[in-house]
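K.L.:
Below is the file final-v4.cif, which contains mmCIF, C-alpha atoms.
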```cif
data_final
#
loop_
_atom_site.group_PDB
_atom_site.id
_atom_site.type_symbol
_atom_site.label_atom_id
_atom_site.label_comp_id
_atom_site.auth_asym_id
_atom_site.auth_seq_id
_atom_site.Cartn_x
_atom_site.Cartn_y
_atom_site.Cartn_z
ATOM 1 C CA MET A 634 -3.059 4.649 18.407
ATOM 2 C CA ASN A 635 -0.995 3.576 15.373
ATOM 3 C CA ARG A 636 1.635 2.133 17.690
ATOM 4 C CA LEU A 637 -1.030 0.216 19.608
ATOM 5 C CA LYS A 638 -2.484 -1.198 16.393
ATOM 6 C CA GLY A 639 1.008 -2.152 15.274
ATOM 7 C CA ALA A 640 1.585 -3.985 18.555
ATOM 8 C CA PHE A 641 -1.691 -5.881 18.087
ATOM 9 C CA PHE A 642 -0.704 -7.012 14.588
ATOM 10 C CA VAL A 643 2.715 -8.199 15.756
ATOM 11 C CA VAL A 644 1.218 -10.119 18.690
ATOM 12 C CA MET A 645 -1.350 -11.827 16.453
ATOM 13 C CA GLY A 646 1.309 -12.711 13.894
ATOM 14 C CA ALA A 647 3.536 -14.227 16.568
ATOM 15 C CA ALA A 648 0.593 -16.149 18.067
ATOM 16 C CA SER A 649 -0.110 -17.603 14.609
ATOM 17 C CA TYR A 650 3.454 -18.888 14.468
ATOM 18 C CA GLY A 651 2.975 -20.321 17.952
ATOM 19 C CA VAL A 652 0.569 -23.041 16.851
ATOM 20 C CA LEU A 653 2.816 -24.391 14.072
ATOM 21 C CA ALA A 654 5.432 -26.553 15.788
ATOM 22 C CA THR A 655 2.928 -28.827 17.518
ATOM 23 C CA PHE A 656 1.106 -29.683 14.303
ATOM 24 C CA VAL A 657 4.324 -30.022 12.311
ATOM 25 C CA LYS A 658 5.396 -32.615 14.872
ATOM 26 C CA ILE A 659 2.054 -34.401 14.470
ATOM 27 C CA ALA A 660 2.513 -34.351 10.678
ATOM 28 C CA GLY A 661 5.960 -35.889 11.192
ATOM 29 C CA GLN A 662 4.430 -38.641 13.305
ATOM 30 C CA GLN A 663 2.113 -39.350 10.375
ATOM 31 C CA GLY A 664 5.103 -39.946 8.110
ATOM 32 C CA TYR A 665 5.437 -36.574 6.363
ATOM 33 C CA THR A 666 9.005 -35.291 6.058
ATOM 34 C CA THR A 667 10.170 -31.806 7.030
ATOM 35 C CA GLY A 668 10.939 -30.937 3.414
ATOM 36 C CA ALA A 669 7.481 -31.966 2.233
ATOM 37 C CA VAL A 670 5.786 -30.081 5.074
ATOM 38 C CA THR A 671 7.623 -26.804 4.448
ATOM 39 C CA PHE A 672 7.174 -27.086 0.677
ATOM 40 C CA SER A 673 3.411 -27.666 0.925
ATOM 41 C CA GLN A 674 3.083 -24.805 3.409
ATOM 42 C CA PHE A 675 4.895 -22.221 1.287
ATOM 43 C CA LEU A 676 3.524 -23.331 -2.079
ATOM 44 C CA THR A 677 -0.048 -23.195 -0.745
ATOM 45 C CA GLY A 678 0.604 -19.817 0.860
ATOM 46 C CA PHE A 679 2.137 -18.345 -2.287
ATOM 47 C CA LEU A 680 -0.707 -19.583 -4.506
ATOM 48 C CA PHE A 681 -3.281 -18.100 -2.132
ATOM 49 C CA LEU A 682 -1.557 -14.696 -2.056
ATOM 50 C CA PHE A 683 -1.019 -14.721 -5.834
ATOM 51 C CA LEU A 684 -4.656 -15.558 -6.561
ATOM 52 C CA PHE A 685 -5.828 -12.937 -4.076
ATOM 53 C CA GLN A 686 -3.769 -10.335 -5.932
ATOM 54 C CA PHE A 687 -5.003 -11.558 -9.308
ATOM 55 C CA PHE A 688 -8.710 -11.434 -8.470
ATOM 56 C CA SER A 689 -8.683 -8.441 -6.142
ATOM 57 C CA PRO A 690 -9.538 -5.096 -7.804
ATOM 58 C CA ARG A 691 -7.289 -3.329 -5.332
ATOM 59 C CA GLY A 692 -4.525 -5.817 -6.107
ATOM 60 C CA LYS A 693 -4.765 -5.095 -9.830
ATOM 61 C CA GLN A 694 -4.549 -1.381 -9.159
ATOM 62 C CA ALA A 695 -1.579 -1.716 -6.789
ATOM 63 C CA MET A 696 1.569 0.168 -7.698
ATOM 64 C CA ARG A 697 4.075 -1.501 -9.976
ATOM 65 C CA LEU A 698 7.431 -2.354 -8.452
ATOM 66 C CA PRO A 699 10.789 -1.919 -10.145
ATOM 67 C CA SER A 700 12.504 -5.238 -10.810
ATOM 68 C CA SER A 701 15.266 -4.335 -8.368
ATOM 69 C CA GLU A 702 12.724 -3.891 -5.548
ATOM 70 C CA LYS A 703 11.069 -7.210 -6.379
ATOM 71 C CA ILE A 704 14.439 -8.929 -6.213
ATOM 72 C CA ARG A 705 15.175 -7.336 -2.838
ATOM 73 C CA LEU A 706 11.835 -8.534 -1.451
ATOM 74 C CA ILE A 707 12.274 -12.049 -2.806
ATOM 75 C CA ALA A 708 15.826 -12.191 -1.450
ATOM 76 C CA GLY A 709 14.631 -10.938 1.927
ATOM 77 C CA GLY A 710 11.812 -13.475 1.901
ATOM 78 C CA THR A 711 14.297 -16.350 1.823
ATOM 79 C CA SER A 712 14.654 -15.751 5.565
ATOM 80 C CA LEU A 713 11.016 -16.869 6.013
ATOM 81 C CA GLY A 714 11.660 -20.168 4.270
ATOM 82 C CA LEU A 715 14.854 -20.758 6.226
ATOM 83 C CA THR A 716 13.116 -19.909 9.518
ATOM 84 C CA SER A 717 10.455 -22.558 8.931
ATOM 85 C CA THR A 718 12.992 -25.098 7.665
ATOM 86 C CA PHE A 719 15.372 -24.729 10.616
ATOM 87 C CA TYR A 720 12.538 -24.528 13.151
ATOM 88 C CA TYR A 721 10.802 -27.635 11.856
ATOM 89 C CA LEU A 722 14.108 -29.515 11.787
ATOM 90 C CA SER A 723 14.690 -28.483 15.401
ATOM 91 C CA VAL A 724 11.277 -29.902 16.327
ATOM 92 C CA GLN A 725 12.418 -33.313 15.043
ATOM 93 C CA TYR A 726 15.151 -33.475 17.706
ATOM 94 C CA LEU A 727 13.788 -31.535 20.685
ATOM 95 C CA PRO A 728 10.501 -31.008 22.540
ATOM 96 C CA VAL A 729 8.369 -28.181 21.159
ATOM 97 C CA SER A 730 8.669 -26.311 24.470
ATOM 98 C CA VAL A 731 12.456 -26.188 24.033
ATOM 99 C CA CYS A 732 12.371 -25.344 20.325
ATOM 100 C CA ILE A 733 10.161 -22.314 20.872
ATOM 101 C CA ILE A 734 12.518 -20.979 23.555
ATOM 102 C CA LEU A 735 15.447 -21.326 21.158
ATOM 103 C CA LEU A 736 13.492 -19.613 18.378
ATOM 104 C CA MET A 737 12.584 -16.779 20.703
ATOM 105 C CA GLN A 738 16.206 -15.838 21.222
ATOM 106 C CA THR A 739 15.193 -13.433 18.493
ATOM 107 C CA ILE A 740 13.968 -11.248 21.388
ATOM 108 C CA TRP A 741 17.500 -10.190 22.271
ATOM 109 C CA MET A 742 18.834 -10.679 18.746
ATOM 110 C CA GLY A 743 16.288 -8.145 17.517
ATOM 111 C CA ILE A 744 17.407 -5.595 20.108
ATOM 112 C CA VAL A 745 21.056 -6.103 19.153
ATOM 113 C CA PHE A 746 20.179 -5.933 15.449
ATOM 114 C CA GLU A 747 18.330 -2.653 15.880
ATOM 115 C CA SER A 748 21.187 -1.183 17.923
ATOM 116 C CA PHE A 749 23.710 -1.988 15.198
ATOM 117 C CA ARG A 750 21.399 -0.640 12.510
ATOM 118 C CA LYS A 751 20.870 2.641 14.357
ATOM 119 C CA ARG A 752 24.438 2.707 15.687
ATOM 120 C CA GLU A 753 23.325 3.453 19.215
ATOM 121 C CA THR A 754 23.522 1.707 22.567
ATOM 122 C CA PRO A 755 20.263 0.077 23.710
ATOM 123 C CA ALA A 756 18.406 1.876 26.516
ATOM 124 C CA TRP A 757 19.116 0.317 29.921
ATOM 125 C CA PRO A 758 15.657 -1.322 30.227
ATOM 126 C CA ARG A 759 16.379 -3.286 27.083
ATOM 127 C CA ILE A 760 19.788 -4.335 28.370
ATOM 128 C CA VAL A 761 18.056 -5.565 31.531
ATOM 129 C CA ALA A 762 15.508 -7.323 29.301
ATOM 130 C CA ILE A 763 18.284 -9.185 27.469
ATOM 131 C CA VAL A 764 19.766 -10.410 30.770
ATOM 132 C CA ILE A 765 16.355 -11.522 32.047
ATOM 133 C CA VAL A 766 15.534 -13.291 28.780
ATOM 134 C CA LEU A 767 18.824 -15.207 28.830
ATOM 135 C CA ALA A 768 18.274 -16.202 32.454
ATOM 136 C CA GLY A 769 14.752 -17.305 31.646
ATOM 137 C CA THR A 770 16.048 -19.307 28.695
ATOM 138 C CA ILE A 771 18.276 -21.392 30.968
ATOM 139 C CA LEU A 772 15.278 -22.342 33.096
ATOM 140 C CA ALA A 773 12.724 -22.672 30.311
ATOM 141 C CA THR A 774 14.805 -25.062 28.184
ATOM 142 C CA GLY A 775 15.361 -27.401 31.139
ATOM 143 C CA VAL A 776 19.110 -27.753 30.497
ATOM 144 C CA TYR A 777 19.681 -27.656 34.259
ATOM 145 C CA GLU A 778 17.879 -30.979 34.632
ATOM 146 C CA SER A 779 20.228 -33.959 34.572
ATOM 147 C CA ARG A 780 17.571 -36.146 32.942
ATOM 148 C CA PHE A 781 17.380 -33.873 29.909
ATOM 149 C CA ILE A 782 20.303 -33.904 27.477
ATOM 150 C CA PRO A 783 19.427 -31.742 24.461
ATOM 151 C CA ASP A 784 20.359 -33.032 21.033
ATOM 152 C CA TRP A 785 22.997 -30.664 19.630
ATOM 153 C CA ARG A 786 21.376 -30.849 16.192
ATOM 154 C CA GLY A 787 18.116 -29.531 17.573
ATOM 155 C CA VAL A 788 19.922 -26.726 19.414
ATOM 156 C CA LEU A 789 21.854 -25.758 16.271
ATOM 157 C CA PHE A 790 18.754 -25.701 14.079
ATOM 158 C CA GLY A 791 16.841 -23.797 16.765
ATOM 159 C CA MET A 792 19.475 -21.044 16.942
ATOM 160 C CA LEU A 793 19.687 -20.848 13.139
ATOM 161 C CA ALA A 794 15.910 -20.436 13.100
ATOM 162 C CA ALA A 795 16.227 -17.568 15.597
ATOM 163 C CA VAL A 796 18.778 -15.786 13.387
ATOM 164 C CA SER A 797 16.569 -16.245 10.302
ATOM 165 C CA TYR A 798 13.523 -15.086 12.251
ATOM 166 C CA THR A 799 15.333 -11.903 13.294
ATOM 167 C CA VAL A 800 16.258 -11.202 9.677
ATOM 168 C CA ALA A 801 12.645 -11.826 8.606
ATOM 169 C CA MET A 802 11.455 -9.249 11.135
ATOM 170 C CA GLY A 803 14.009 -6.754 9.861
ATOM 171 C CA VAL A 804 12.837 -7.301 6.289
ATOM 172 C CA SER A 805 9.212 -6.663 7.278
ATOM 173 C CA ASN A 806 10.319 -3.468 8.997
ATOM 174 C CA SER A 807 12.484 -2.003 6.252
ATOM 175 C CA LEU A 808 11.569 -3.106 2.718
ATOM 176 C CA ALA A 809 8.828 -1.713 0.445
ATOM 177 C CA LEU A 810 6.879 -0.074 3.264
ATOM 178 C CA GLU A 811 4.640 1.710 0.752
ATOM 179 C CA LEU A 812 3.565 -1.528 -0.931
ATOM 180 C CA PRO A 813 0.162 -3.118 -0.081
ATOM 181 C CA VAL A 814 0.825 -5.812 2.503
ATOM 182 C CA ILE A 815 -0.698 -8.664 0.476
ATOM 183 C CA ARG A 816 1.518 -7.990 -2.518
ATOM 184 C CA LYS A 817 4.559 -7.492 -0.315
ATOM 185 C CA SER A 818 3.811 -10.761 1.488
ATOM 186 C CA MET A 819 3.451 -12.543 -1.855
ATOM 187 C CA TYR A 820 7.008 -11.614 -2.846
ATOM 188 C CA LEU A 821 8.346 -12.484 0.607
ATOM 189 C CA VAL A 822 6.648 -15.896 0.555
ATOM 190 C CA LEU A 823 7.930 -16.495 -2.984
ATOM 191 C CA GLY A 824 11.426 -15.897 -1.655
ATOM 192 C CA GLY A 825 10.752 -18.366 1.141
ATOM 193 C CA LEU A 826 9.476 -20.957 -1.349
ATOM 194 C CA LEU A 827 12.605 -20.583 -3.491
ATOM 195 C CA ALA A 828 14.806 -20.988 -0.415
ATOM 196 C CA ILE A 829 12.983 -24.222 0.467
ATOM 197 C CA LEU A 830 13.370 -25.557 -3.077
ATOM 198 C CA VAL A 831 17.115 -24.862 -2.985
ATOM 199 C CA PHE A 832 17.569 -26.242 0.539
ATOM 200 C CA TRP A 833 15.623 -29.494 0.047
ATOM 201 C CA ASN A 834 15.969 -29.820 -3.758
ATOM 202 C CA ARG A 835 15.358 -33.425 -4.910
ATOM 203 C CA GLN A 836 14.365 -34.567 -1.417
ATOM 204 C CA ILE A 837 11.008 -32.849 -1.926
ATOM 205 C CA VAL A 838 10.257 -35.060 -4.939
ATOM 206 C CA VAL A 839 11.532 -38.252 -3.296
ATOM 207 C CA ASP A 840 9.433 -37.838 -0.135
ATOM 208 C CA PHE A 841 6.425 -36.037 -1.592
ATOM 209 C CA ARG A 842 2.868 -37.259 -0.915
ATOM 210 C CA PRO A 843 0.097 -35.209 -2.631
ATOM 211 C CA ASP A 844 -2.346 -35.676 0.239
ATOM 212 C CA ILE A 845 -0.210 -33.406 2.418
ATOM 213 C CA PHE A 846 -1.771 -30.398 0.693
ATOM 214 C CA TRP A 847 -5.296 -30.973 1.991
ATOM 215 C CA LYS A 848 -4.217 -32.599 5.250
ATOM 216 C CA TRP A 849 -1.675 -30.004 6.378
ATOM 217 C CA GLY A 850 -0.756 -27.588 3.589
ATOM 218 C CA LEU A 851 -3.689 -25.196 3.928
ATOM 219 C CA PHE A 852 -3.632 -25.195 7.726
ATOM 220 C CA LEU A 853 0.116 -24.578 7.989
ATOM 221 C CA ALA A 854 0.013 -22.015 5.171
ATOM 222 C CA THR A 855 -2.702 -20.025 6.955
ATOM 223 C CA PHE A 856 -0.912 -19.806 10.290
ATOM 224 C CA GLY A 857 2.685 -19.927 9.078
ATOM 225 C CA THR A 858 2.826 -18.292 5.639
ATOM 226 C CA ILE A 859 -0.216 -16.098 5.038
ATOM 227 C CA LEU A 860 -1.147 -14.464 8.352
ATOM 228 C CA PRO A 861 2.316 -13.787 9.903
ATOM 229 C CA PRO A 862 3.907 -11.955 6.926
ATOM 230 C CA VAL A 863 0.771 -9.863 6.438
ATOM 231 C CA LEU A 864 0.443 -9.037 10.130
ATOM 232 C CA PHE A 865 4.170 -8.373 10.572
ATOM 233 C CA SER A 866 4.239 -6.146 7.488
ATOM 234 C CA LYS A 867 1.409 -4.093 8.989
ATOM 235 C CA GLY A 868 2.774 -4.100 12.532
ATOM 236 C CA PHE A 869 6.555 -3.820 12.505
ATOM 237 C CA PRO A 870 6.777 -0.475 10.684
ATOM 238 C CA LYS A 871 4.592 1.005 13.441
ATOM 239 C CA VAL A 872 6.510 -0.355 16.448
ATOM 240 C CA GLY A 873 10.075 -0.965 15.222
ATOM 241 C CA ILE A 874 11.998 -4.224 15.153
ATOM 242 C CA GLY A 875 13.240 -3.939 18.763
ATOM 243 C CA THR A 876 9.807 -3.542 20.332
ATOM 244 C CA GLY A 877 8.297 -5.901 17.773
ATOM 245 C CA SER A 878 10.804 -8.626 18.629
ATOM 246 C CA ILE A 879 9.898 -8.271 22.298
ATOM 247 C CA LEU A 880 6.152 -8.401 21.634
ATOM 248 C CA SER A 881 6.625 -11.546 19.582
ATOM 249 C CA ALA A 882 7.424 -13.391 22.830
ATOM 250 C CA VAL A 883 3.688 -14.135 23.040
ATOM 251 C CA GLU A 884 4.557 -17.005 20.731
ATOM 252 C CA ILE A 885 6.162 -18.810 23.698
ATOM 253 C CA PRO A 886 3.079 -19.505 25.869
ATOM 254 C CA VAL A 887 0.967 -20.196 22.771
ATOM 255 C CA SER A 888 3.441 -22.793 21.494
ATOM 256 C CA ILE A 889 4.006 -24.447 24.879
ATOM 257 C CA GLY A 890 0.262 -24.517 25.541
ATOM 258 C CA CYS A 891 -0.440 -26.227 22.206
ATOM 259 C CA ALA A 892 2.305 -28.801 22.832
ATOM 260 C CA TYR A 893 0.903 -29.496 26.284
ATOM 261 C CA ILE A 894 -2.663 -29.924 25.015
ATOM 262 C CA PHE A 895 -2.081 -31.851 21.781
ATOM 263 C CA LEU A 896 1.233 -33.666 22.426
ATOM 264 C CA GLN A 897 1.012 -34.057 26.205
ATOM 265 C CA GLU A 898 4.542 -32.672 26.520
ATOM 266 C CA PRO A 899 5.383 -32.255 30.218
ATOM 267 C CA VAL A 900 6.115 -28.762 31.475
ATOM 268 C CA SER A 901 7.908 -28.408 34.814
ATOM 269 C CA THR A 902 7.400 -25.641 37.350
ATOM 270 C CA LEU A 903 10.903 -24.305 36.702
ATOM 271 C CA GLN A 904 10.216 -24.189 32.973
ATOM 272 C CA CYS A 905 7.108 -22.125 33.681
ATOM 273 C CA LEU A 906 9.272 -19.863 35.839
ATOM 274 C CA GLY A 907 11.677 -19.491 32.937
ATOM 275 C CA VAL A 908 8.844 -18.466 30.626
ATOM 276 C CA ALA A 909 7.666 -16.000 33.274
ATOM 277 C CA LEU A 910 11.166 -14.508 33.377
ATOM 278 C CA ILE A 911 11.166 -14.085 29.625
ATOM 279 C CA ILE A 912 7.803 -12.342 29.785
ATOM 280 C CA SER A 913 9.266 -10.177 32.579
ATOM 281 C CA GLY A 914 11.916 -9.164 30.102
ATOM 282 C CA ILE A 915 9.148 -7.658 28.008
ATOM 283 C CA ILE A 916 7.986 -5.613 30.974
ATOM 284 C CA ALA A 917 11.536 -4.481 31.753
ATOM 285 C CA ALA A 918 12.042 -3.334 28.204
ATOM 286 C CA HIS A 919 8.930 -1.158 28.418
ATOM 287 C CA LEU A 920 9.629 0.531 31.744
ATOM 288 C CA LYS A 921 11.299 3.314 29.818
ATOM 289 C CA PRO A 922 10.790 2.605 26.132
ATOM 290 C CA GLY A 923 13.624 3.593 23.879
ATOM 291 C CA LYS A 924 13.137 5.136 20.523
ATOM 292 C CA SER A 925 12.182 2.491 17.958
#
```
Kindly present the structure from the file in structure tokens form.
P.N.:
Amino acid sequence: MNRLKGAFFVVMGAASYGVLATFVKIAGQQGYTTGAVTFSQFLTGFLFLFLFQFFSPRGKQAMRLPSSEKIRLIAGGTSLGLTSTFYYLSVQYLPVSVCIILLMQTIWMGIVFESFRKRETPAWPRIVAIVIVLAGTILATGVYESRFIPDWRGVLFGMLAAVSYTVAMGVSNSLALELPVIRKSMYLVLGGLLAILVFWNRQIVVDFRPDIFWKWGLFLATFGTILPPVLFSKGFPKVGIGTGSILSAVEIPVSIGCAYIFLQEPVSTLQCLGVALIISGIIAAHLKPGKS
């Protein structure tokens, strides 16, 4: 039952991430820069989590953390800020349906990461899953179509986002597991905010428009900064990073569906087949689940 609940939390966290790219692209069309969008998202998210801790009786009674553990959480949380930064930059150069496929390379990256961490070879269903996911990626990104030439900058940022996303999942699975999830998420989001400040530095001030907070900040913070860290922190310890990375593939149809509905991005039959192959990779990995 705990494993099932963990799977539910991971799926809901990934689905929350799935809605982001479409609305970040819309915000960009309205003149908001990537730096301003990510800054407003993480600052709003951090303030919400901080205030929740401050006013919550349970938050006040939560265990105190040694400074070294706080630093580890904040350092680990930088991966959240980098994931959003790289992903949103990728969206500026590529269709959302392609960006989400690049981000979801974390499916096989997570399996490889877990194998190195445990120093064991992945079970054969997961090896099959990796092959299927890579095959599905070729179809789902549309690189086989002569009319589509992907911008190398978008591909680079998309792959960097996948690496950061994998690290973020590992952090949720391994650090401060005994800490209440809201407080843990607060430190992780603080780390992400600091990473964004370092990455964008003065560009945030140059391009900043205060109205972004009430137009997009709260919405993006809810689905990209508040819900996912909390849900992942509750879910990943129960299912493991390998299985959790596979379950997070639900983000793909959610993201593509939002782009289709709100941006009218075309989706070809072969791209749908590619997504189906990636989902099949999930099934393959669970034919004979390995130890997570």
K.L.:
With only C-alpha atoms counted and 12 Å as the cut-off, give the residues of range 704-759 of chain A in contact with range 892-913 of chain A, each with its shortest interatomic distance in Å and the pair that gives it, as JSON lines.
P.N.:
```
{"residue": "A:Val724", "atom": "CA", "partner": "A:Ala892", "partner_atom": "CA", "distance": 11.1}
{"residue": "A:Leu727", "atom": "CA", "partner": "A:Glu898", "partner_atom": "CA", "distance": 11.0}
{"residue": "A:Pro728", "atom": "CA", "partner": "A:Glu898", "partner_atom": "CA", "distance": 7.4}
{"residue": "A:Val729", "atom": "CA", "partner": "A:Ala892", "partner_atom": "CA", "distance": 6.3}
{"residue": "A:Ser730", "atom": "CA", "partner": "A:Ala892", "partner_atom": "CA", "distance": 7.0}
{"residue": "A:Val731", "atom": "CA", "partner": "A:Gln904", "partner_atom": "CA", "distance": 9.4}
{"residue": "A:Cys732", "atom": "CA", "partner": "A:Ala892", "partner_atom": "CA", "distance": 10.9}
{"residue": "A:Ile733", "atom": "CA", "partner": "A:Ala892", "partner_atom": "CA", "distance": 10.4}
{"residue": "A:Ile734", "atom": "CA", "partner": "A:Val908", "partner_atom": "CA", "distance": 8.4}
{"residue": "A:Leu735", "atom": "CA", "partner": "A:Val908", "partner_atom": "CA", "distance": 11.9}
{"residue": "A:Met737", "atom": "CA", "partner": "A:Ile911", "partner_atom": "CA", "distance": 9.4}
{"residue": "A:Gln738", "atom": "CA", "partner": "A:Ile911", "partner_atom": "CA", "distance": 10.0}
{"residue": "A:Thr739", "atom": "CA", "partner": "A:Ile911", "partner_atom": "CA", "distance": 11.9}
{"residue": "A:Ile740", "atom": "CA", "partner": "A:Ile911", "partner_atom": "CA", "distance": 9.2}
{"residue": "A:Trp741", "atom": "CA", "partner": "A:Ile911", "partner_atom": "CA", "distance": 10.5}
{"residue": "A:Pro758", "atom": "CA", "partner": "A:Ser913", "partner_atom": "CA", "distance": 11.2}
{"residue": "A:Arg759", "atom": "CA", "partner": "A:Ser913", "partner_atom": "CA", "distance": 11.3}
```
K.L.:
Just C-alpha atoms for this one: save the residues we selected as a PDB file, keeping the file's coordinate frame.
P.N.:
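In the end it all went to again.pdb:
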```pdb
ATOM      1  CA  VAL A 724      11.277 -29.902  16.327  1.00  0.00           C
ATOM      2  CA  LEU A 727      13.788 -31.535  20.685  1.00  0.00           C
ATOM      3  CA  PRO A 728      10.501 -31.008  22.540  1.00  0.00           C
ATOM      4  CA  VAL A 729       8.369 -28.181  21.159  1.00  0.00           C
ATOM      5  CA  SER A 730       8.669 -26.311  24.470  1.00  0.00           C
ATOM      6  CA  VAL A 731      12.456 -26.188  24.033  1.00  0.00           C
ATOM      7  CA  CYS A 732      12.371 -25.344  20.325  1.00  0.00           C
ATOM      8  CA  ILE A 733      10.161 -22.314  20.872  1.00  0.00           C
ATOM      9  CA  ILE A 734      12.518 -20.979  23.555  1.00  0.00           C
ATOM     10  CA  LEU A 735      15.447 -21.326  21.158  1.00  0.00           C
ATOM     11  CA  MET A 737      12.584 -16.779  20.703  1.00  0.00           C
ATOM     12  CA  GLN A 738      16.206 -15.838  21.222  1.00  0.00           C
ATOM     13  CA  THR A 739      15.193 -13.433  18.493  1.00  0.00           C
ATOM     14  CA  ILE A 740      13.968 -11.248  21.388  1.00  0.00           C
ATOM     15  CA  TRP A 741      17.500 -10.190  22.271  1.00  0.00           C
ATOM     16  CA  PRO A 758      15.657  -1.322  30.227  1.00  0.00           C
ATOM     17  CA  ARG A 759      16.379  -3.286  27.083  1.00  0.00           C
TER      18      ARG A 759
END
```
K.L.:
Could you check how far CA of Ala854 in chain A sits from CA of Thr677 in chain A, in Å to one decimal?
P.N.:
6.0 Å
K.L.:
Up to 9 Å from (1.9, 2.0, 12.7) in the file's coordinates: name the residues, counting all atoms listed in the file, as a list in words.
P.N.:
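Those residues lying close to the given coordinates are Met634, Asn635, Arg636, Leu637, Lys638, Gly639, Ala640, Lys867, Gly868, Phe869, Pro870, Lys871 and Val872 of chain A.
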K.L.:
Could you please determine the separation between CA of Gly850 in chain A and CA of Val788 in chain A in Å, to one decimal place?
P.N.:
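Distance between the two atoms: 26.1 Å.
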K.L.:
Just the residues within 6 Å of range 703-717 of chain A, please, counting only C-alpha atoms, with nothing from its chain fewer than 4 positions along; format it as a ChimeraX atom specification.
P.N.:
/A:721,794,797-798,801,804,820-822,824-825,828-829
K.L.:
How many Å separate CA of Val838 in chain A from CA of Met792 in chain A?
P.N.:
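Value for the CA of Val838 in chain A-CA of Met792 in chain A distance: 27.6 Å.
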